[in-house]
Amino acid sequence: MIRYILKRLLLLIPVIILVSLIVFTLMDLAPGDAMSGWDLGDMSMEEIAALRADMGLDDPLIVRYGRYMLRLVQGDLGVGDFSGISVWENFITRLPNTLILALFTVIIGVSIAIPLGIFAARRSGKISDNLTTGFTMIGMSMPGFWLGVLMMLLFSDVLGWFPAGGFNHGLRSVILPAVVASMTLLAACTRQTRSSMLEVLKADYLRTARAKGVPEKVVIRKHALGNALIPIVTTVGVSVAIAVSGTAVIEAVFAWPGVGRLIVESVAARDVTTTTGAVILTTVLYVLILLLVDLAYAFIDPRIRAQYTNSKRKKKASSTASATSVATPASDTVAQDAVKSGVVAAQVEGAPESVQAVDAPKVVSVTPVVQRKDFVSCATRTDADFRQDVKVSTVDVSSRMKKHKKRSRGAEILHHLMRNPGAVAGMVILAAMVILFVVAMFMPFEAATRANVAYRNSPPSNMFFFGTDHMGRDLFARVVYATRFSLPIGIGATAVAALGGVLLGSLSAFFEGTTADEVIMRFSDSLASIPGILLGMVIITTLGRSVPNIIIAIGVSAIPVFIRISRASILTLKGSEFVEAAKAIGLSNLRILYTQVLPNGLAPIMITFTASLGMAILISAGLSFLGFGIPVPNPEWGSLVSAGRDQIRTAPWLTIFPGLFIMLTVMAFNLLGDGLRDAFDPKLKK
């Protein structure tokens with residue numbers, strides 16, 4: 001285990017180098033520099049140039065990065081370019097706030113999710129199970145910033161139970177942000193707990209425990225949950241790592257002074273030193289938490305604990321086994337093999353009496369005798385009888401083939417999708433969104449931006465379906481117009497991630513164990529350790545705020561997911577017989593990979609694609625909410641929620657309707673993804 005820990009810690013070095021290079025380069029390429037936000041007063045151009053030279057801003061990028069890495073090796077993260085505060089002190093001051101928020105998030109999420117998941121699994125297929133599944137689907141589809149604004153409206157403004165934000169009210173300050181942040185964890189953990197429990201509830205060892213009189217609560221808690229904990233711990237661990245890395249959107253909504261908010265502020269201020277240092281530290285925290293999750297597996301599952309046995313013990317065991325096998329007679333070896341394999345003596349009707357036991361336990365060679373009455377009467381049948389039988393059997397087979405005609409692969413998947421109510425609901429919602437998108441493409445820009453002061457802040461009515469804003473603009477027209485941005489960004493970003501991830505993942509799998517595989521996987525680990533919304537902010541700051549740039553920013557952050565899933569899918573097919581046959585006829589490796597292996601491993605990739613569509617829309621809306629999305633005056637769902645929160649008390653419809661569109665669209669993609677997963681999984685087909 002110590003060697004494993006040391007190896008994982010050493011792998012942090014290339015990850016830190018890659019993360020620092022990516023963030024430092026992107027921030028340096030962004031418009032402006034560290035002096036852009038300074039108040040230079042009456043300084044002349046010569047004085048500004050001299051100050052820039054003293055700060056080293058005129059040096060080439062490689063020189064400045066080398067200077068930064070030299071300080072980093074010495075443990076110096078530098079001083080903020082804009083704030084003038086030590087990056088380490090700034091980070092370590094805010095880290096406790098983030099840890100407190102993460103701790104309460106995990107406590108709230110796990111304490112509700114695990115009992116709820118067990119409850120749903122034990123009542124699989126019933127109304128309570130369907131309600132639980134629907135609740136988790138809503139939780140996974142609801143944007144956190146939108147839920148946070150609504151929670152503040154209800155519990156702060158209306159009821160007055162909790163403060164609206166900040167960190168000055170002790171425990172009461174952390175309740176609302178922790179509840180909002182825990183919704184995603186609660187939904188994901190509930191679904192995972194239900195799925196894991198369904199796999200073990202019908203296991204033989206549970207029936208044995210019940211037959212022995214073990215109480216049902218003990219059976220569920222100790223035997224069932226204990227064997228289903230590995231995927232649950234994985235889900236919780238990843239959520240904790242993301243929370244500790246900084247939930248930027250939640251901290252921005254509730255003005256929480258945490259690490260995520262620090263990175264948002266440093267990116268907005270073009271503070272290269274603070275941004276790079278904060279991202280490096282969050283990356284280290286992310287990797288260390290995932291390492292703790294991996295080590296927790298050994299304490300949960302004894303089979304995993306056995307894999308950490310030191311090599312000396314393994315060598316000693318193998319040498320002892322080899323010495324024993326040399327000294328053991330052949331008959332004893334047969335008997336020992338029979339004992340190990342669990343073979344027991346059996347008396348089978350029709351077995352020859354000459355078969356004798358080799359040694360205890362008895363091993364019997366079984367030769368069953370099959371008798372059919374057809375063979376007895378075969379000699380007395382005429383040629384006409386045989387022709388009649390063949391004719392009848394041909395007609396019978398033909399009728400059965402017509403009745404049970406085999407569908408094509410696509411038709412089979414569509415058949416199962418149409419039998420899934422959730423998938424049908426998702427397709428209906430997506431069809432409605434596509435219709436609105438087509439309408440928005442023909443809608444003039446003035447229809448979404450035309451102001452009418454006479455109808456400002458009008459509530460929903462027959463004239464204005466969603467009401468109007470403070471300038472009298474029709475909110476329904478603005479929400480519909482926003483579909484021309486949100487849907488293309490979600491689909492485009494997922495396509496970029498899928499193309500890049502599948503290309504790299506397939507190459508990594510096909511050249512498993514080589515240098516290329518190692519380089520690709522370390523690159524994937526580096527990207528995965530940076531929270532997607534933070535990496536998106538850095539890329540958009542560099543490239544600018546436009547639809548193509550947002551697609552690239554969100555797509556790049558999702559590439560590691562497709563690298564992992566495509567690599568795993570192809571690794572399961574590499575040793576198949578059709579691959580060996582393709583090699584035997586002389587096909588090249590790349591041709592085998594992209595014409596033979598990849599088409600047969602597309603099922604998990606397609607499922608991941610549909611699930612990633614909803615996540616891309618959520619990240620896009622979150623970026624717009626933080627001010628890194630589509631520039632105004634263009635309406636976008638996230639920016640509409642951000643603009644409406646200032647009037648949440650007097651005009652709540654300005655926030656409610658854009659958020660509902662985000663939630664419904666994301667839910668539709670999630671429902672379709674679940675339906676595809678069920679259609680591709682042969683265990684779920686009936």
# chains A, B, ... in the order shown; residues from 1 in each chain; ligands from 1
>>> residues_around(residues="Ala255 in chain A", least_positions_apart="6", cutoff="10 Å", atoms="only C-alpha atoms", output="PDB file with N, CA, C and O atoms, in the first residue's frame")
ATOM      1  N   ALA A 164     -29.349  36.036   3.821  1.00  0.00           N
ATOM      2  CA  ALA A 164     -29.323  35.921   2.363  1.00  0.00           C
ATOM      3  C   ALA A 164     -27.937  35.637   1.821  1.00  0.00           C
ATOM      4  O   ALA A 164     -27.789  35.285   0.649  1.00  0.00           O
ATOM      5  N   GLY A 165     -26.917  35.778   2.612  1.00  0.00           N
ATOM      6  CA  GLY A 165     -25.563  35.520   2.140  1.00  0.00           C
ATOM      7  C   GLY A 165     -24.542  35.984   3.160  1.00  0.00           C
ATOM      8  O   GLY A 165     -24.876  36.481   4.241  1.00  0.00           O
ATOM      9  N   GLY A 166     -23.270  35.789   2.809  1.00  0.00           N
ATOM     10  CA  GLY A 166     -22.198  36.210   3.697  1.00  0.00           C
ATOM     11  C   GLY A 166     -21.798  35.122   4.678  1.00  0.00           C
ATOM     12  O   GLY A 166     -22.270  33.976   4.613  1.00  0.00           O
ATOM     13  N   PHE A 167     -20.911  35.518   5.624  1.00  0.00           N
ATOM     14  CA  PHE A 167     -20.334  34.555   6.558  1.00  0.00           C
ATOM     15  C   PHE A 167     -20.339  35.100   7.988  1.00  0.00           C
ATOM     16  O   PHE A 167     -19.520  34.723   8.813  1.00  0.00           O
ATOM     17  N   PRO A 177     -26.443  27.737   1.642  1.00  0.00           N
ATOM     18  CA  PRO A 177     -25.505  27.298   0.588  1.00  0.00           C
ATOM     19  C   PRO A 177     -25.193  25.811   0.645  1.00  0.00           C
ATOM     20  O   PRO A 177     -25.009  25.177  -0.400  1.00  0.00           O
ATOM     21  N   VAL A 249     -20.005  28.743  -8.472  1.00  0.00           N
ATOM     22  CA  VAL A 249     -21.318  29.350  -8.690  1.00  0.00           C
ATOM     23  C   VAL A 249     -22.048  29.537  -7.365  1.00  0.00           C
ATOM     24  O   VAL A 249     -22.622  30.607  -7.100  1.00  0.00           O
ATOM     25  N   ARG A 261     -14.782  31.368  -5.209  1.00  0.00           N
ATOM     26  CA  ARG A 261     -14.993  32.795  -5.429  1.00  0.00           C
ATOM     27  C   ARG A 261     -13.661  33.511  -5.635  1.00  0.00           C
ATOM     28  O   ARG A 261     -13.570  34.457  -6.427  1.00  0.00           O
TER      29      ARG A 261
END
>>> closest_residue(among="A:Val579, A:Val424, A:Ile62, A:Met667", to="Asn600 in chain A", atoms="only C-alpha atoms")
A:Val579
>>> select_by_dssp(residues="range 416-490 of chain A", states="alpha helix (DSSP H)", output="PyMOL selection string")
chain A and resi 416-418+421-441+445-449+475-490
>>> write_last_selection(atoms="C-alpha atoms", output="compact mmCIF listing (two decimals), in the first residue's frame")
# COMPACT_ATOMS: atom_id res chain seq x y z
CA HIS A 416 -37.14 -0.13 -26.22
CA LEU A 417 -37.04 3.68 -26.10
CA MET A 418 -40.70 3.91 -27.09
CA PRO A 421 -42.12 6.41 -20.39
CA GLY A 422 -39.20 8.54 -19.19
CA ALA A 423 -37.43 8.37 -22.55
CA VAL A 424 -40.67 9.24 -24.36
CA ALA A 425 -41.17 12.26 -22.07
CA GLY A 426 -37.59 13.35 -22.72
CA MET A 427 -38.06 13.10 -26.49
CA VAL A 428 -41.31 15.09 -26.31
CA ILE A 429 -39.61 17.90 -24.34
CA LEU A 430 -36.66 17.92 -26.73
CA ALA A 431 -39.01 18.05 -29.72
CA ALA A 432 -40.70 21.11 -28.20
CA MET A 433 -37.31 22.75 -27.59
CA VAL A 434 -36.26 22.07 -31.18
CA ILE A 435 -39.46 23.72 -32.41
CA LEU A 436 -38.74 26.77 -30.26
CA PHE A 437 -35.19 26.82 -31.60
CA VAL A 438 -36.47 26.87 -35.18
CA VAL A 439 -38.88 29.68 -34.27
CA ALA A 440 -36.02 31.61 -32.62
CA MET A 441 -33.90 31.35 -35.77
CA PHE A 445 -33.43 40.55 -32.69
CA GLU A 446 -35.71 43.50 -31.98
CA ALA A 447 -38.49 41.18 -30.80
CA ALA A 448 -36.29 40.11 -27.86
CA THR A 449 -34.84 43.56 -27.07
CA LEU A 475 -39.75 37.80 -21.23
CA PHE A 476 -41.35 35.01 -23.29
CA ALA A 477 -39.75 36.35 -26.47
CA ARG A 478 -36.40 36.67 -24.69
CA VAL A 479 -36.53 33.11 -23.30
CA VAL A 480 -37.47 31.68 -26.70
CA TYR A 481 -34.77 33.74 -28.42
CA ALA A 482 -32.20 32.37 -25.95
CA THR A 483 -32.71 28.84 -27.30
CA ARG A 484 -30.66 29.82 -30.34
CA PHE A 485 -27.66 30.07 -27.97
CA SER A 486 -28.23 27.44 -25.29
CA LEU A 487 -29.05 24.44 -27.49
CA PRO A 488 -26.20 24.92 -30.03
CA ILE A 489 -23.73 25.50 -27.17
CA GLY A 490 -24.79 22.30 -25.41
>>> residues_around(residues="Ala252 in chain A", least_positions_apart="5", cutoff="12 Å", atoms="only C-alpha atoms", output="PyMOL selection string")
chain A and resi 144-146+148-149+165-166+177+246-247+257-265+622-623+625-627+642
>>> atom_distance(atom1="CA of Gly109 in chain A", atom2="CA of Ser182 in chain A")
5.1 Å
>>> residues_around(residues="range 637-639 of chain A", least_positions_apart="4", cutoff="6 Å", atoms="only C-alpha atoms", output="JSON, numbers by chain")
{"A": [621, 624, 625, 658]}
>>> residues_around(residues="Ile552 in chain A", least_positions_apart="4", cutoff="12 Å", atoms="only C-alpha atoms", output="ChimeraX atom specification")
/A:488-500,532,535-540,542-548,556-559,616,620
>>> residues_around(residues="Val180 in chain A", least_positions_apart="2", cutoff="12 Å", atoms="only C-alpha atoms", output="ChimeraX atom specification")
/A:101-102,104-106,108-109,139-140,142-152,174-178,182-187,243,247,249-251,253-254
>>> residues_around(residues="Leu72 in chain A", least_positions_apart="3", cutoff="12 Å", atoms="only C-alpha atoms", output="JSON, numbers by chain")
{"A": [13, 16, 17, 20, 65, 66, 67, 68, 69, 75, 76, 77, 78, 79, 87, 88, 273, 276, 277, 280, 281]}
>>> write_last_selection(atoms="all heavy atoms", output="compact mmCIF listing (two decimals), in the first residue's frame")
# COMPACT_ATOMS: atom_id res chain seq x y z
N ILE A 13 3.36 15.23 -9.76
CA ILE A 13 4.36 16.14 -10.34
C ILE A 13 4.02 16.47 -11.79
O ILE A 13 3.91 17.66 -12.16
CB ILE A 13 5.77 15.56 -10.20
CG1 ILE A 13 6.12 15.41 -8.71
CG2 ILE A 13 6.79 16.44 -10.92
CD1 ILE A 13 7.45 14.74 -8.46
N ILE A 16 0.80 18.62 -11.93
CA ILE A 16 1.00 20.02 -11.54
C ILE A 16 1.68 20.80 -12.66
O ILE A 16 1.31 21.94 -12.97
CB ILE A 16 1.83 20.10 -10.24
CG1 ILE A 16 1.00 19.60 -9.06
CG2 ILE A 16 2.30 21.52 -9.98
CD1 ILE A 16 1.77 19.51 -7.77
N ILE A 17 2.66 20.18 -13.31
CA ILE A 17 3.35 20.86 -14.40
C ILE A 17 2.39 21.16 -15.54
O ILE A 17 2.36 22.28 -16.08
CB ILE A 17 4.54 19.99 -14.89
CG1 ILE A 17 5.61 19.89 -13.80
CG2 ILE A 17 5.15 20.58 -16.16
CD1 ILE A 17 6.74 18.95 -14.13
N SER A 20 -0.28 23.86 -14.44
CA SER A 20 0.31 25.20 -14.37
C SER A 20 0.61 25.75 -15.76
O SER A 20 0.39 26.94 -16.03
CB SER A 20 1.59 25.16 -13.53
OG SER A 20 2.56 24.31 -14.11
N TYR A 65 7.21 31.95 -17.58
CA TYR A 65 6.75 30.68 -17.02
C TYR A 65 7.90 29.96 -16.31
O TYR A 65 7.70 29.37 -15.24
CB TYR A 65 6.18 29.79 -18.12
CG TYR A 65 5.75 28.44 -17.63
CD1 TYR A 65 4.62 28.30 -16.83
CD2 TYR A 65 6.48 27.28 -17.95
CE1 TYR A 65 4.22 27.05 -16.35
CE2 TYR A 65 6.08 26.04 -17.48
CZ TYR A 65 4.96 25.94 -16.69
OH TYR A 65 4.58 24.71 -16.22
N GLY A 66 9.08 29.98 -16.90
CA GLY A 66 10.23 29.37 -16.24
C GLY A 66 10.54 30.03 -14.91
O GLY A 66 10.87 29.35 -13.92
N ARG A 67 10.43 31.36 -14.87
CA ARG A 67 10.66 32.07 -13.61
C ARG A 67 9.61 31.70 -12.57
O ARG A 67 9.93 31.53 -11.38
CB ARG A 67 10.65 33.58 -13.90
CG ARG A 67 11.17 34.44 -12.77
CD ARG A 67 11.57 35.83 -13.27
NE ARG A 67 10.50 36.46 -14.01
CZ ARG A 67 10.67 37.01 -15.23
NH1 ARG A 67 11.86 36.99 -15.81
NH2 ARG A 67 9.67 37.58 -15.85
N TYR A 68 8.37 31.54 -13.01
CA TYR A 68 7.30 31.16 -12.08
C TYR A 68 7.53 29.75 -11.54
O TYR A 68 7.38 29.50 -10.34
CB TYR A 68 5.96 31.25 -12.80
CG TYR A 68 4.79 30.83 -11.94
CD1 TYR A 68 4.19 31.72 -11.06
CD2 TYR A 68 4.30 29.51 -11.99
CE1 TYR A 68 3.12 31.34 -10.26
CE2 TYR A 68 3.24 29.12 -11.20
CZ TYR A 68 2.65 30.04 -10.33
OH TYR A 68 1.61 29.64 -9.53
N MET A 69 7.90 28.80 -12.41
CA MET A 69 8.13 27.43 -11.97
C MET A 69 9.33 27.33 -11.04
O MET A 69 9.35 26.50 -10.12
CB MET A 69 8.31 26.52 -13.18
CG MET A 69 7.05 26.31 -14.00
SD MET A 69 5.66 25.64 -13.02
CE MET A 69 6.30 24.04 -12.58
N GLY A 75 8.69 26.54 -3.32
CA GLY A 75 7.57 26.68 -2.42
C GLY A 75 6.97 28.07 -2.39
O GLY A 75 6.17 28.38 -1.49
N ASP A 76 7.30 28.90 -3.37
CA ASP A 76 6.81 30.28 -3.42
C ASP A 76 5.78 30.39 -4.53
O ASP A 76 6.11 30.25 -5.72
CB ASP A 76 7.97 31.24 -3.66
CG ASP A 76 7.52 32.71 -3.66
OD1 ASP A 76 6.37 32.97 -3.24
OD2 ASP A 76 8.32 33.57 -4.08
N LEU A 77 4.51 30.62 -4.17
CA LEU A 77 3.45 30.78 -5.16
C LEU A 77 3.34 32.21 -5.67
O LEU A 77 2.51 32.49 -6.54
CB LEU A 77 2.11 30.35 -4.56
CG LEU A 77 1.94 28.85 -4.30
CD1 LEU A 77 0.68 28.59 -3.49
CD2 LEU A 77 1.91 28.07 -5.60
N GLY A 78 4.15 33.09 -5.15
CA GLY A 78 4.16 34.46 -5.63
C GLY A 78 3.16 35.36 -4.93
O GLY A 78 2.46 34.96 -3.99
N VAL A 79 3.08 36.59 -5.43
CA VAL A 79 2.19 37.62 -4.90
C VAL A 79 1.19 38.00 -5.97
O VAL A 79 1.54 38.08 -7.17
CB VAL A 79 2.99 38.85 -4.44
CG1 VAL A 79 2.06 39.94 -3.94
CG2 VAL A 79 3.99 38.47 -3.36
N VAL A 87 -0.22 34.76 -2.56
CA VAL A 87 -1.20 33.79 -3.06
C VAL A 87 -1.47 32.71 -2.02
O VAL A 87 -2.62 32.31 -1.80
CB VAL A 87 -0.71 33.17 -4.38
CG1 VAL A 87 -1.68 32.08 -4.85
CG2 VAL A 87 -0.56 34.24 -5.45
N TRP A 88 -0.42 32.21 -1.36
CA TRP A 88 -0.60 31.18 -0.34
C TRP A 88 -1.46 31.69 0.81
O TRP A 88 -2.37 30.99 1.26
CB TRP A 88 0.75 30.71 0.16
CG TRP A 88 0.65 29.81 1.35
CD1 TRP A 88 0.95 30.11 2.64
CD2 TRP A 88 0.20 28.45 1.36
NE1 TRP A 88 0.72 29.05 3.46
CE2 TRP A 88 0.25 28.01 2.71
CE3 TRP A 88 -0.25 27.57 0.39
CZ2 TRP A 88 -0.13 26.72 3.07
CZ3 TRP A 88 -0.63 26.29 0.76
CH2 TRP A 88 -0.57 25.87 2.09
N THR A 273 -0.93 35.34 -11.63
CA THR A 273 -0.25 34.66 -10.53
C THR A 273 -1.24 34.04 -9.56
O THR A 273 -1.10 32.87 -9.16
CB THR A 273 0.66 35.65 -9.78
OG1 THR A 273 1.55 36.27 -10.71
CG2 THR A 273 1.46 34.95 -8.71
N THR A 276 -3.21 31.07 -11.35
CA THR A 276 -2.40 29.87 -11.52
C THR A 276 -2.13 29.19 -10.19
O THR A 276 -2.26 27.96 -10.06
CB THR A 276 -1.07 30.22 -12.20
OG1 THR A 276 -1.32 30.94 -13.41
CG2 THR A 276 -0.29 28.97 -12.53
N GLY A 277 -1.76 29.96 -9.18
CA GLY A 277 -1.47 29.37 -7.87
C GLY A 277 -2.70 28.73 -7.24
O GLY A 277 -2.62 27.62 -6.69
N ILE A 280 -3.56 25.47 -9.07
CA ILE A 280 -2.61 24.41 -8.71
C ILE A 280 -2.95 23.82 -7.35
O ILE A 280 -2.97 22.60 -7.15
CB ILE A 280 -1.17 24.96 -8.72
CG1 ILE A 280 -0.72 25.23 -10.15
CG2 ILE A 280 -0.20 23.99 -8.04
CD1 ILE A 280 0.63 25.89 -10.25
N LEU A 281 -3.25 24.66 -6.38
CA LEU A 281 -3.57 24.17 -5.03
C LEU A 281 -4.88 23.39 -5.01
O LEU A 281 -5.00 22.37 -4.33
CB LEU A 281 -3.63 25.35 -4.06
CG LEU A 281 -2.29 26.03 -3.77
CD1 LEU A 281 -2.49 27.26 -2.90
CD2 LEU A 281 -1.32 25.07 -3.09
>>> closest_residue(among="A:Ile413, A:Val15, A:Arg3, A:Glu89", to="Val519 in chain A", atoms="only C-alpha atoms")
A:Val15
>>> closest_residue(among="A:Ile563, A:Ile551, A:Pro633, A:Leu654", to="Arg522 in chain A", atoms="only C-alpha atoms")
A:Ile563
>>> atom_distance(atom1="CA of Leu676 in chain A", atom2="CA of Asn420 in chain A")
9.6 Å
